[in-house]
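As provided, target_35.cif (mmCIF, C-alpha atoms and all ligand atoms) reads as follows.
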```cif
data_data
loop_
_atom_site.label_atom_id
_atom_site.label_comp_id
_atom_site.auth_asym_id
_atom_site.auth_seq_id
_atom_site.Cartn_x
_atom_site.Cartn_y
_atom_site.Cartn_z
CA MET A 674 -8.56 15.62 16.51
CA LEU A 675 -11.01 15.74 13.64
CA THR A 676 -14.76 16.28 13.45
CA LYS A 677 -16.85 13.28 12.50
CA GLU A 678 -17.54 14.94 9.13
CA GLU A 679 -13.81 15.32 8.42
CA ASN A 680 -13.22 11.74 9.51
CA ASP A 681 -15.89 10.55 7.05
CA LYS A 682 -14.43 12.69 4.28
CA LEU A 683 -10.98 11.19 4.85
CA THR A 684 -12.01 7.55 5.11
CA ARG A 685 -14.93 6.92 2.69
CA VAL A 686 -13.69 5.82 -0.71
CA GLY A 687 -16.79 4.65 -2.62
CA LYS A 688 -17.83 6.09 -5.97
CA GLY A 689 -19.27 9.59 -5.58
CA THR A 690 -17.60 10.33 -2.22
CA PRO A 691 -15.09 13.22 -2.16
CA MET A 692 -12.14 10.96 -1.25
CA GLY A 693 -13.32 8.22 -3.62
CA GLU A 694 -13.42 10.64 -6.54
CA MET A 695 -9.99 12.05 -5.65
CA MET A 696 -8.51 8.54 -5.40
CA ARG A 697 -9.98 7.58 -8.79
CA ARG A 698 -7.74 10.19 -10.43
CA TYR A 699 -4.63 8.01 -9.78
CA TRP A 700 -3.43 4.65 -11.14
CA HIS A 701 -3.79 1.81 -8.58
CA PRO A 702 -2.19 -1.59 -8.07
CA ILE A 703 -5.05 -4.10 -8.40
CA ALA A 704 -3.17 -7.42 -8.21
CA ILE A 705 0.32 -8.83 -8.32
CA SER A 706 1.48 -10.55 -11.51
CA ALA A 707 1.97 -13.87 -9.68
CA GLU A 708 -1.80 -14.03 -9.12
CA LEU A 709 -2.45 -14.25 -12.89
CA PRO A 710 0.44 -16.47 -13.99
CA ASP A 711 -0.89 -18.22 -17.11
CA CYS A 712 -2.15 -17.16 -20.52
CA ASP A 713 -5.82 -18.23 -20.71
CA GLY A 714 -5.64 -19.16 -17.00
CA ASP A 715 -8.39 -18.69 -14.43
CA PRO A 716 -9.81 -15.17 -14.05
CA ILE A 717 -9.77 -13.47 -10.65
CA VAL A 718 -12.09 -10.97 -8.96
CA ARG A 719 -10.63 -7.90 -7.31
CA LYS A 720 -12.38 -5.16 -5.41
CA LEU A 721 -10.93 -1.66 -5.63
CA LEU A 722 -12.42 1.46 -4.00
CA GLY A 723 -15.62 -0.50 -3.35
CA GLU A 724 -16.12 -1.62 -6.99
CA ARG A 725 -15.74 -5.15 -8.33
CA PHE A 726 -13.62 -6.06 -11.35
CA VAL A 727 -12.59 -9.23 -13.15
CA LEU A 728 -8.98 -9.68 -14.26
CA PHE A 729 -7.83 -12.16 -16.87
CA ARG A 730 -4.71 -12.84 -18.92
CA ASN A 731 -5.49 -13.52 -22.56
CA THR A 732 -3.84 -15.90 -25.04
CA GLU A 733 -1.11 -13.37 -25.86
CA GLY A 734 -0.36 -12.70 -22.19
CA LEU A 735 -2.08 -9.30 -22.02
CA VAL A 736 -4.09 -8.54 -18.89
CA GLY A 737 -7.68 -7.28 -19.08
CA VAL A 738 -9.54 -5.50 -16.26
CA ILE A 739 -13.31 -5.33 -16.84
CA ASP A 740 -16.44 -4.78 -14.75
CA GLU A 741 -17.43 -7.98 -13.01
CA ALA A 742 -21.02 -7.86 -14.29
CA CYS A 743 -21.49 -9.09 -17.86
CA LEU A 744 -22.61 -6.38 -20.27
CA HIS A 745 -25.52 -8.55 -21.48
CA ARG A 746 -27.47 -9.49 -18.35
CA GLY A 747 -25.10 -9.12 -15.43
CA ALA A 748 -23.74 -12.62 -14.81
CA SER A 749 -20.34 -12.62 -13.12
CA MET A 750 -17.54 -12.65 -15.68
CA ALA A 751 -15.45 -14.40 -13.00
CA LEU A 752 -17.33 -17.54 -14.05
CA GLY A 753 -16.21 -17.02 -17.65
CA ARG A 754 -14.03 -19.07 -19.98
CA VAL A 755 -10.72 -17.43 -20.85
CA GLU A 756 -9.90 -18.59 -24.37
CA GLU A 757 -8.81 -17.57 -27.87
CA GLY A 758 -8.00 -13.94 -27.21
CA GLY A 759 -10.73 -13.02 -24.74
CA ILE A 760 -13.08 -13.91 -21.91
CA ARG A 761 -16.44 -15.54 -22.67
CA CYS A 762 -19.45 -15.32 -20.35
CA ILE A 763 -20.73 -18.85 -19.66
CA TYR A 764 -24.39 -17.69 -19.60
CA HIS A 765 -25.06 -16.77 -23.27
CA GLY A 766 -21.49 -16.89 -24.53
CA TRP A 767 -20.78 -13.20 -25.15
CA LYS A 768 -17.04 -12.78 -25.52
CA PHE A 769 -14.91 -9.71 -24.77
CA SER A 770 -11.33 -8.70 -25.51
CA VAL A 771 -8.96 -7.03 -23.00
CA THR A 772 -10.08 -3.68 -24.43
CA GLY A 773 -13.76 -4.53 -23.83
CA ALA A 774 -14.54 -5.08 -27.54
CA LEU A 775 -17.47 -7.43 -28.05
CA LEU A 776 -16.06 -10.29 -30.15
CA ASP A 777 -18.90 -12.81 -30.28
CA THR A 778 -22.63 -13.07 -29.38
CA PRO A 779 -23.74 -16.67 -30.05
CA ASN A 780 -27.37 -16.01 -28.99
CA HIS A 781 -27.73 -13.00 -31.32
CA ALA A 782 -26.91 -13.43 -35.02
CA ASP A 783 -27.03 -9.74 -36.04
CA ALA A 784 -23.36 -8.67 -36.06
CA ARG A 785 -24.22 -4.98 -35.70
CA VAL A 786 -24.56 -5.37 -31.91
CA LYS A 787 -20.80 -5.91 -31.74
CA GLU A 788 -20.19 -2.45 -33.19
CA ARG A 789 -22.75 -0.83 -30.94
CA LEU A 790 -21.77 -2.27 -27.55
CA LYS A 791 -18.52 -2.37 -25.63
CA ALA A 792 -17.78 -3.61 -22.09
CA ASN A 793 -16.22 -1.30 -19.52
CA ALA A 794 -12.56 -2.23 -19.75
CA TYR A 795 -9.93 -0.20 -17.93
CA PRO A 796 -6.39 0.83 -18.88
CA VAL A 797 -3.83 -1.69 -17.58
CA ARG A 798 -0.11 -1.53 -17.05
CA GLU A 799 1.88 -4.55 -15.87
CA GLN A 800 5.31 -3.73 -14.57
CA SER A 801 7.76 -4.96 -11.91
CA GLY A 802 5.44 -7.72 -10.73
CA LEU A 803 2.44 -5.43 -10.24
CA ILE A 804 -0.74 -5.06 -12.27
CA TRP A 805 -1.95 -1.45 -12.26
CA THR A 806 -5.22 -0.03 -13.51
CA TYR A 807 -6.96 3.32 -13.86
CA ILE A 808 -10.72 3.47 -13.13
CA GLY A 809 -11.23 7.26 -13.11
CA PRO A 810 -12.67 9.56 -15.79
CA ARG A 811 -11.18 8.72 -19.21
CA GLU A 812 -10.45 12.32 -20.14
CA LYS A 813 -8.44 12.77 -16.94
CA GLN A 814 -6.21 9.70 -17.22
CA PRO A 815 -2.79 10.73 -15.82
CA PRO A 816 0.59 9.42 -16.98
CA PHE A 817 1.71 6.10 -15.49
CA ARG A 818 4.09 6.63 -12.55
CA GLU A 819 7.41 4.85 -12.23
CA PHE A 820 9.26 4.36 -8.96
CA HIS A 821 12.77 3.56 -7.81
CA PHE A 822 11.81 -0.13 -7.50
CA ASP A 823 11.18 -0.23 -11.27
CA GLU A 824 14.91 0.32 -11.81
CA VAL A 825 16.35 -2.72 -9.98
CA PRO A 826 16.64 -6.22 -11.54
CA ALA A 827 13.70 -8.56 -10.87
CA THR A 828 15.92 -10.73 -8.64
CA HIS A 829 16.49 -7.71 -6.37
CA ARG A 830 12.81 -7.04 -5.81
CA THR A 831 9.93 -8.75 -3.99
CA VAL A 832 6.24 -7.92 -4.20
CA ILE A 833 3.88 -8.99 -1.44
CA ARG A 834 0.18 -8.25 -1.00
CA VAL A 835 -1.62 -8.56 2.32
CA ASN A 836 -5.33 -7.83 2.74
CA ILE A 837 -5.95 -6.26 6.14
CA PRO A 838 -9.46 -5.76 7.58
CA SER A 839 -9.16 -2.05 8.40
CA ASN A 840 -9.59 1.29 6.60
CA PHE A 841 -6.67 2.43 4.43
CA LEU A 842 -6.09 5.63 6.40
CA GLN A 843 -5.31 3.96 9.70
CA ASN A 844 -2.87 1.63 7.91
CA TRP A 845 -1.24 4.60 6.22
CA GLU A 846 -1.13 6.70 9.39
CA GLY A 847 0.51 3.77 11.16
CA GLY A 848 3.20 3.67 8.48
CA THR A 849 3.79 7.41 8.85
CA ASP A 850 4.07 7.24 12.62
CA THR A 851 7.77 6.89 13.47
CA SER A 852 7.57 7.10 17.27
CA HIS A 853 5.98 3.66 17.59
CA VAL A 854 8.91 1.93 15.90
CA SER A 855 11.12 1.65 18.97
CA ILE A 856 8.15 0.73 21.18
CA LEU A 857 5.74 -1.58 19.32
CA HIS A 858 8.65 -3.17 17.44
CA SER A 859 10.91 -3.40 20.52
CA ASN A 860 11.92 -6.97 19.79
CA VAL A 861 13.55 -6.09 16.48
CA THR A 862 14.67 -2.53 17.18
CA ARG A 863 15.79 -2.77 20.81
CA PRO A 864 16.23 -6.41 21.82
CA GLY A 865 18.12 -5.03 24.85
CA TRP A 866 14.77 -4.25 26.48
CA LEU A 867 14.71 -7.95 27.29
CA SER A 868 16.69 -7.33 30.47
CA GLY A 869 18.35 -10.36 31.95
CA SER A 870 18.55 -11.95 28.54
CA ASN A 871 21.41 -11.94 26.11
CA ARG A 872 19.05 -12.35 23.19
CA THR A 873 20.16 -10.49 20.09
CA ALA A 874 17.82 -11.40 17.28
CA ASN A 875 16.15 -14.53 16.00
CA GLU A 876 17.15 -16.00 12.67
CA GLY A 877 15.09 -14.24 10.03
CA ASP A 878 14.70 -11.02 12.04
CA ILE A 879 16.04 -7.89 10.47
CA ASN A 880 19.24 -8.34 12.48
CA ASP A 881 20.87 -5.07 11.59
CA PHE A 882 17.63 -3.21 12.26
CA VAL A 883 18.99 -3.02 15.79
CA LYS A 884 20.48 0.47 16.23
CA GLN A 885 21.38 2.62 19.18
CA SER A 886 19.23 5.45 17.88
CA TRP A 887 16.05 3.49 18.56
CA ASP A 888 16.74 4.03 22.26
CA ASP A 889 15.57 7.62 21.74
CA MET A 890 11.85 7.06 21.99
CA SER A 891 10.73 10.65 21.42
CA PRO A 892 12.18 11.53 18.03
CA LYS A 893 12.06 15.10 16.82
CA LEU A 894 10.07 15.49 13.63
CA GLU A 895 10.82 17.98 10.88
CA ILE A 896 8.45 18.10 7.92
CA GLU A 897 8.49 19.72 4.47
CA ASN A 898 5.82 19.70 1.78
CA THR A 899 6.84 18.38 -1.63
CA GLY A 900 5.20 18.02 -5.02
CA PHE A 901 4.26 14.39 -4.26
CA GLY A 902 2.98 14.97 -0.72
CA TYR A 903 5.62 15.61 1.94
CA HIS A 904 8.62 14.11 3.60
CA TYR A 905 9.60 14.07 7.21
CA ALA A 906 12.85 13.53 9.04
CA GLY A 907 12.72 11.57 12.28
CA LEU A 908 15.72 12.81 14.27
CA ARG A 909 17.03 10.69 17.14
CA ARG A 910 19.85 11.32 19.57
CA LEU A 911 22.75 8.90 19.63
CA PRO A 912 23.95 8.14 23.16
CA GLY A 913 27.37 9.56 24.06
CA SER A 914 27.73 11.48 20.81
CA ASP A 915 26.81 14.77 19.15
CA ALA A 916 25.73 12.92 16.01
CA VAL A 917 22.06 12.50 15.24
CA ASN A 918 20.33 9.69 13.39
CA ALA A 919 18.01 10.91 10.63
CA ARG A 920 15.36 8.84 8.91
CA LEU A 921 13.96 10.60 5.88
CA VAL A 922 10.60 9.15 4.88
CA PRO A 923 8.71 10.32 1.78
CA ILE A 924 4.92 10.16 1.94
CA PHE A 925 3.18 10.38 -1.42
CA LEU A 926 -0.47 10.63 -2.36
CA PRO A 927 -2.86 8.98 -2.47
CA TYR A 928 -1.57 6.32 0.03
CA GLY A 929 2.15 5.62 -0.41
CA ARG A 930 5.38 5.78 1.55
CA ILE A 931 8.95 4.56 1.28
CA ILE A 932 10.64 3.10 4.34
CA PRO A 933 14.44 2.76 4.58
CA LEU A 934 15.53 -0.68 5.76
CA PRO A 935 19.02 -2.19 6.05
CA GLY A 936 20.22 -2.90 2.49
CA PHE A 937 16.90 -2.22 0.80
CA SER A 938 13.89 0.06 0.79
CA SER A 939 10.23 -0.81 0.99
CA THR A 940 7.69 1.12 -1.07
CA ILE A 941 4.32 0.52 0.49
CA PHE A 942 0.88 1.21 -1.00
CA GLU A 943 -2.23 1.07 1.22
CA VAL A 944 -4.78 0.44 -1.53
CA PRO A 945 -8.42 0.66 -0.38
CA ILE A 946 -10.46 -2.42 -1.30
CA ASP A 947 -13.47 -0.72 0.30
CA ASP A 948 -14.07 1.47 3.34
CA HIS A 949 -13.03 -1.20 5.82
CA THR A 950 -10.49 -3.37 4.00
CA THR A 951 -7.06 -2.51 2.64
CA SER A 952 -4.69 -4.29 0.31
CA THR A 953 -1.19 -3.46 1.51
CA TYR A 954 1.37 -3.89 -1.28
CA LEU A 955 4.96 -4.12 -0.02
CA VAL A 956 7.48 -3.68 -2.82
CA ASP A 957 11.02 -4.18 -1.55
CA ALA A 958 13.94 -3.25 -3.77
CA SER A 959 17.67 -3.55 -3.22
CA GLU A 960 20.42 -2.08 -5.37
CA GLY A 961 23.03 -4.43 -3.99
CA GLU A 962 21.60 -7.84 -3.18
CA PRO A 963 18.95 -10.37 -4.30
CA LEU A 964 15.80 -10.49 -2.14
CA GLU A 965 13.54 -13.44 -1.35
CA GLU A 966 9.80 -13.41 -0.78
CA LYS A 967 9.95 -16.22 1.77
CA ALA A 968 12.46 -14.36 3.93
CA ARG A 969 10.39 -11.19 3.72
CA LEU A 970 7.24 -12.96 4.87
CA LYS A 971 9.11 -14.40 7.80
CA ARG A 972 10.57 -11.05 8.79
CA SER A 973 7.11 -9.53 8.57
CA GLY A 974 5.72 -12.14 10.93
CA PHE A 975 3.55 -13.96 8.38
CA ALA A 976 3.26 -17.71 8.55
CA GLU A 977 0.64 -20.31 7.73
CA HIS A 978 -1.45 -19.55 10.82
CA ASN A 979 -2.00 -15.87 9.98
CA TYR A 980 -1.43 -15.39 6.22
CA ARG A 981 -3.42 -17.40 3.70
CA ASN A 982 -4.39 -16.54 0.12
CA ARG A 983 -2.80 -13.14 0.76
CA ASN A 984 -5.19 -12.39 3.61
CA PHE A 985 -4.06 -11.48 7.10
CA LEU A 986 -6.02 -13.79 9.39
CA ILE A 987 -6.70 -12.26 12.75
CA ASP A 988 -9.08 -13.19 15.54
CA PRO A 989 -9.82 -10.49 18.13
CA GLU A 990 -11.78 -13.11 20.11
CA ASN A 991 -8.54 -15.02 20.52
CA HIS A 992 -6.51 -12.05 21.86
CA TYR A 993 -5.45 -11.23 18.28
CA GLY A 994 -3.29 -14.36 18.37
CA GLN A 995 -1.01 -12.74 20.99
CA ASP A 996 1.38 -14.99 22.84
CA ARG A 997 0.60 -13.74 26.34
CA ALA A 998 2.97 -16.24 27.96
CA ALA A 999 5.87 -14.82 25.92
CA MET A 1000 4.87 -11.33 27.09
CA ARG A 1001 4.70 -12.37 30.75
CA GLU A 1002 8.05 -14.10 30.53
CA ARG A 1003 9.54 -11.01 28.83
CA ARG A 1004 10.52 -12.92 25.70
CA SER A 1005 8.35 -10.74 23.49
CA TRP A 1006 7.24 -7.11 23.86
CA SER A 1007 4.08 -7.42 21.78
CA GLY A 1008 3.42 -11.15 21.84
CA LEU A 1009 3.29 -10.93 18.03
CA ASP A 1010 5.74 -12.30 15.50
CA GLY A 1011 7.14 -9.56 13.29
CA LEU A 1012 7.01 -5.99 12.02
CA THR A 1013 4.13 -6.18 9.57
CA GLN A 1014 2.07 -8.46 11.76
CA GLU A 1015 2.51 -6.02 14.66
CA ASP A 1016 1.47 -3.06 12.49
CA ALA A 1017 -1.51 -4.89 10.98
CA THR A 1018 -2.73 -6.10 14.38
CA ILE A 1019 -2.67 -2.57 15.78
CA THR A 1020 -4.65 -1.12 12.88
CA VAL A 1021 -7.26 -3.88 13.08
CA SER A 1022 -7.54 -3.34 16.85
CA MET A 1023 -8.64 0.29 16.19
CA GLY A 1024 -11.87 -0.95 14.54
CA PRO A 1025 -12.75 -1.20 10.83
CA VAL A 1026 -12.93 2.61 10.42
CA TYR A 1027 -11.19 4.45 13.25
CA ASP A 1028 -13.08 7.46 14.64
CA ARG A 1029 -10.55 10.30 14.94
CA SER A 1030 -12.95 12.59 16.80
CA THR A 1031 -11.95 11.00 20.13
CA GLU A 1032 -8.15 10.86 19.88
CA HIS A 1033 -5.54 12.95 21.73
CA LEU A 1034 -2.59 13.90 19.55
CA VAL A 1035 0.88 14.98 20.72
CA ALA A 1036 3.94 16.44 18.98
CA ALA A 1037 5.08 12.93 17.94
CA ASP A 1038 1.96 12.76 15.73
CA ALA A 1039 2.91 15.77 13.59
CA ALA A 1040 3.51 13.67 10.46
CA ILE A 1041 0.01 12.18 10.79
CA VAL A 1042 -1.52 15.65 11.09
CA ARG A 1043 0.33 16.70 7.92
CA LEU A 1044 -0.86 13.61 6.09
CA ARG A 1045 -4.50 14.44 6.79
CA ARG A 1046 -3.96 18.06 5.74
CA ARG A 1047 -2.38 17.05 2.43
CA LEU A 1048 -5.19 14.57 1.73
CA LEU A 1049 -7.94 17.09 2.51
CA ASP A 1050 -6.20 19.69 0.31
CA ALA A 1051 -6.06 17.17 -2.56
CA VAL A 1052 -9.77 16.40 -2.14
CA ASP A 1053 -10.56 20.14 -2.19
CA ALA A 1054 -8.41 20.66 -5.29
CA CYS A 1055 -10.35 17.93 -7.08
CA GLU A 1056 -13.71 19.24 -5.99
CA SER A 1057 -12.89 22.65 -7.39
CA GLY A 1058 -11.95 21.18 -10.78
CA GLY A 1059 -8.16 20.96 -10.33
CA ASP A 1060 -5.73 18.05 -10.20
CA PRO A 1061 -4.85 16.22 -6.98
CA LEU A 1062 -1.28 16.52 -5.74
CA GLY A 1063 1.42 14.82 -7.78
CA VAL A 1064 -0.99 13.00 -10.10
CA ASN A 1065 0.88 14.19 -13.21
CA VAL A 1066 4.35 13.35 -11.90
CA ALA A 1067 5.30 10.38 -14.09
CA ASP A 1068 8.87 10.02 -12.82
CA MET A 1069 8.82 9.17 -9.12
CA LYS A 1070 12.21 7.42 -9.35
CA LYS A 1071 14.05 10.08 -7.39
CA VAL A 1072 11.72 9.75 -4.42
CA ARG A 1073 13.89 7.89 -1.93
CA ALA A 1074 14.11 7.09 1.76
CA TRP A 1075 17.28 7.40 3.83
CA ASP A 1076 18.54 6.37 7.24
CA CYS A 1077 21.90 7.77 8.32
CA ASP A 1078 23.84 9.20 11.20
CA LEU A 1079 24.69 12.87 10.73
CA GLU A 1080 27.57 14.80 12.24
CA PRO A 1081 26.52 18.03 14.00
CA ALA A 1082 27.58 20.18 11.04
CA ASP A 1083 25.47 18.13 8.64
CA SER A 1084 21.73 18.49 8.05
CA TRP A 1085 19.02 16.05 7.00
CA LYS A 1086 18.04 18.63 4.40
CA ARG A 1087 21.03 17.51 2.35
CA LEU A 1088 19.32 14.13 1.96
CA ALA A 1089 16.07 15.83 1.00
CA GLN A 1090 17.63 18.06 -1.64
CA PRO A 1091 16.82 15.78 -4.64
CA HIS A 1092 13.15 15.86 -3.60
CA ASN A 1093 13.10 19.62 -3.35
CA GLU A 1094 14.83 19.98 -6.72
CA SER A 1095 12.78 17.41 -8.66
CA TYR A 1096 9.44 17.71 -6.88
CA PRO A 1097 9.06 21.28 -5.63
CA ALA A 1098 6.09 21.89 -3.33
S1 LIG A 1101 -25.23 -12.55 -19.13
FE1 LIG A 1101 -23.34 -12.78 -20.04
S2 LIG A 1101 -23.77 -13.47 -22.03
FE2 LIG A 1101 -25.71 -13.20 -21.14
FE FE A 1102 5.34 -0.30 12.43
#
```
Represent the supplied structure as structure tokens.
Ligand code: FES
Ligand SMILES: [Fe+2]
Amino acid sequence: MLTKEENDKLTRVGKGTPMGEMMRRYWHPIAISAELPDCDGDPIVRKLLGERFVLFRNTEGLVGVIDEACLHRGASMALGRVEEGGIRCIYHGWKFSVTGALLDTPNHADARVKERLKANAYPVREQSGLIWTYIGPREKQPPFREFHFDEVPATHRTVIRVNIPSNFLQNWEGGTDTSHVSILHSNVTRPGWLSGSNRTANEGDINDFVKQSWDDMSPKLEIENTGFGYHYAGLRRLPGSDAVNARLVPIFLPYGRIIPLPGFSSTIFEVPIDDHTTSTYLVDASEGEPLEEKARLKRSGFAEHNYRNRNFLIDPENHYGQDRAAMRERRSWSGLDGLTQEDATITVSMGPVYDRSTEHLVAADAAIVRLRRRLLDAVDACESGGDPLGVNVADMKKVRAWDCDLEPADSWKRLAQPHNESYPA
């Protein structure tokens, strides 16, 4: 349980707030490449940490991220014309390059203004289907971070973005919470709960997500700090055997995790749009097989009725879209369609910014407690003039997630060894 003050400190991300300033020290995904497909195509507006930006792709294909308000008199640059190497405000025609340089001022003939003024343009990196930017203090710009998913061929990777109307921390805590997996996600992890039915899995479900170990609903958690945040092992008993199933999940600041899934891993970023909305980026990567976005959306439970323009559509007034008949008839545990939809629905049901001063934690919540501790420590480090955790680690490629059954003589710490060697706490 937290005090209301701690809860505020952990959840408020606007400019000038302790968490907001800490977050601004990292690079952030701000869009996916597919949203800005064409040179000189339409600009888009994106909100990040409560601030508004305009993104455009210039004639050469480079992406610019600038403040939404025009430098001249504040018109929205989202209305602008993207042409001939820049974006031009439609009000008085001022034109800016991707670096913010003022290229043209049709209503002001004196060229000296172009040397004197420059728009706020932010560093951009486009890689592996994601557009990243850095909006923190210039003198503190950290190296760009690369992940395991940057190493696989483009055909073996999918990038999905879902806007969810809830604070980033409750999304992230949900992703860190392993004990809900065999309960909330019963239909995909333990279809056997459907007693009297011989249902295995529907087409498009993560069929081999079904494992005996999910029957152990109170996993033991072991946690170690690392240089990127921490990792935990969820240890589950296997019926009729001395072996133990271990799921090693790395949690990295300021809002990331990697989840092991059958044949691929999912690196997930819970990027705050503002205090009460989150852009969840799901980056799946497989070493062995091609992946498809359509299949991933289906597995996640997203379809036309609840996922449009990359927004998760949810209506609490309509029972969150739950299929209550399917629940009554024991065809569905949650009445919801898939993993991500189930997770997103739960976080939205907790309210836009969950108040942690009223909760009742148990041992199964240990990874969540550690997450809050690591975040608060990073905020404190920043406030006292230091660097937040892991911000200067450019090579995150050895941060990996694992799911395997271990013989009694074996230890999950063997899986964690590369983390401890490359990213010491
Ligand atoms: S407000 Fe943009 S050019 Fe005047
Ligand atoms: Fe979940």
With all atoms listed in the file counted and 7 Å as the cut-off, give the residues of chain A in contact with ligand LIG 1101 (chain A), each with its shortest interatomic distance in Å and the pair that gives it, as a tab-separated table.
```
residue	atom	partner	partner_atom	distance
A:Cys743	CA	A:LIG1101	FE1	4.7
A:Leu744	CA	A:LIG1101	FE1	6.4
A:His745	CA	A:LIG1101	S1	4.6
A:Arg746	CA	A:LIG1101	S1	3.9
A:Gly747	CA	A:LIG1101	S1	5.0
A:Ala748	CA	A:LIG1101	S1	4.6
A:Cys762	CA	A:LIG1101	FE1	4.7
A:Ile763	CA	A:LIG1101	FE1	6.6
A:Tyr764	CA	A:LIG1101	S2	4.9
A:His765	CA	A:LIG1101	S2	3.8
A:Gly766	CA	A:LIG1101	S2	4.8
A:Trp767	CA	A:LIG1101	S2	4.3
```
**Request:** Residues within 9 Å of ligand FE 1102 (chain A) should be enumerated using all atoms listed in the file and returned as a list in words.
**Result:** Gly847, Gly848, Thr849, Asp850, Thr851, His853, Val854, Ser855, Leu857, His858, Leu1012, Thr1013, Gln1014, Glu1015, Asp1016, Ala1017 and Ile1019 of chain A
Return as JSON lines the residues of region 797-839 of chain A lying at most 12 Å from region 675-699 of chain A, together with the closest atom-to-atom pair for each and the distance in Å to one decimal, counting all atoms listed in the file, with rows in chain order and ascending residue number.
```
{"residue": "A:Trp805", "atom": "CA", "partner": "A:Tyr699", "partner_atom": "CA", "distance": 10.1}
{"residue": "A:Thr806", "atom": "CA", "partner": "A:Tyr699", "partner_atom": "CA", "distance": 8.9}
{"residue": "A:Tyr807", "atom": "CA", "partner": "A:Tyr699", "partner_atom": "CA", "distance": 6.6}
{"residue": "A:Ile808", "atom": "CA", "partner": "A:Arg697", "partner_atom": "CA", "distance": 6.0}
{"residue": "A:Gly809", "atom": "CA", "partner": "A:Arg697", "partner_atom": "CA", "distance": 4.5}
{"residue": "A:Pro810", "atom": "CA", "partner": "A:Arg698", "partner_atom": "CA", "distance": 7.3}
{"residue": "A:Arg811", "atom": "CA", "partner": "A:Arg698", "partner_atom": "CA", "distance": 9.5}
{"residue": "A:Glu812", "atom": "CA", "partner": "A:Arg698", "partner_atom": "CA", "distance": 10.3}
{"residue": "A:Lys813", "atom": "CA", "partner": "A:Arg698", "partner_atom": "CA", "distance": 7.0}
{"residue": "A:Gln814", "atom": "CA", "partner": "A:Arg698", "partner_atom": "CA", "distance": 7.0}
{"residue": "A:Pro815", "atom": "CA", "partner": "A:Tyr699", "partner_atom": "CA", "distance": 6.9}
{"residue": "A:Pro816", "atom": "CA", "partner": "A:Tyr699", "partner_atom": "CA", "distance": 9.0}
{"residue": "A:Phe817", "atom": "CA", "partner": "A:Tyr699", "partner_atom": "CA", "distance": 8.7}
{"residue": "A:Arg818", "atom": "CA", "partner": "A:Tyr699", "partner_atom": "CA", "distance": 9.3}
{"residue": "A:Ser839", "atom": "CA", "partner": "A:Thr684", "partner_atom": "CA", "distance": 10.5}
```
Could you list, as a PDB file with C-alpha atoms, keeping the file's coordinate frame, every residue within 12 Å of Ser1084 (chain A), counting only C-alpha atoms and ignoring same-chain residues fewer than 6 positions away?
```pdb
ATOM      1  CA  GLU A 895      10.820  17.980  10.880  1.00  0.00           C
ATOM      2  CA  ALA A 906      12.850  13.530   9.040  1.00  0.00           C
ATOM      3  CA  LEU A 908      15.720  12.810  14.270  1.00  0.00           C
ATOM      4  CA  ALA A 916      25.730  12.920  16.010  1.00  0.00           C
ATOM      5  CA  VAL A 917      22.060  12.500  15.240  1.00  0.00           C
ATOM      6  CA  ASN A 918      20.330   9.690  13.390  1.00  0.00           C
ATOM      7  CA  ALA A 919      18.010  10.910  10.630  1.00  0.00           C
ATOM      8  CA  ARG A 920      15.360   8.840   8.910  1.00  0.00           C
ATOM      9  CA  LEU A 921      13.960  10.600   5.880  1.00  0.00           C
ATOM     10  CA  CYS A1077      21.900   7.770   8.320  1.00  0.00           C
ATOM     11  CA  ASP A1078      23.840   9.200  11.200  1.00  0.00           C
ATOM     12  CA  GLN A1090      17.630  18.060  -1.640  1.00  0.00           C
TER      13      GLN A1090
END
```
**Prompt:** When you draw a straight line from CA of Arg930 (chain A) to CA of Lys1071 (chain A), how long is it in Å?
**Reply:** 13.2 Å
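Here the question is which of A:Asn860, A:Thr953, A:Ser770, A:Gln800 gets nearest to Asn836 (chain A) using all atoms listed in the file, and that residue is A:Thr953.
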**Item:** Within 9 Å of Lys720 (chain A) using only C-alpha atoms, minus same-chain residues under 4 positions, as a PyMOL selection string
**Value:** chain A and resi 703+724-727+945-947
**Request:** Find the residue from A:Ser706, A:Ser1030, A:Ser1022, A:Ser1005 that sits nearest to Val861 (chain A); use all atoms listed in the file when measuring.
**Result:** A:Ser1005
**Asked** Of the candidates A:Thr951, A:Asn840, A:Ser1007, A:Ser959, which shows the shortest atom-to-atom distance to Leu934 (chain A), using all atoms listed in the file?
**Response** A:Ser959
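CA of Leu721 (chain A) to CA of Val944 (chain A) spans 7.7 Å [interatomic distance, one decimal].
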**Item:** Ser973 (chain A) surroundings by only C-alpha atoms, 12 Å radius, close-in-sequence under 4 positions cut, as a list of chain:residue names
**Value:**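 Residues meeting the cut-off are A:Ile833, A:Arg834, A:Val835, A:His858, A:Val861, A:Gly877, A:Asp878, A:Ile879, A:Ser939, A:Leu955, A:Glu966, A:Lys967, A:Ala968, A:Arg969, A:Asn979, A:Tyr980, A:Phe985, A:Leu1009, A:Asp1010, A:Gly1011, A:Leu1012, A:Thr1013, A:Gln1014, A:Glu1015, A:Asp1016, A:Ala1017, A:Thr1018.
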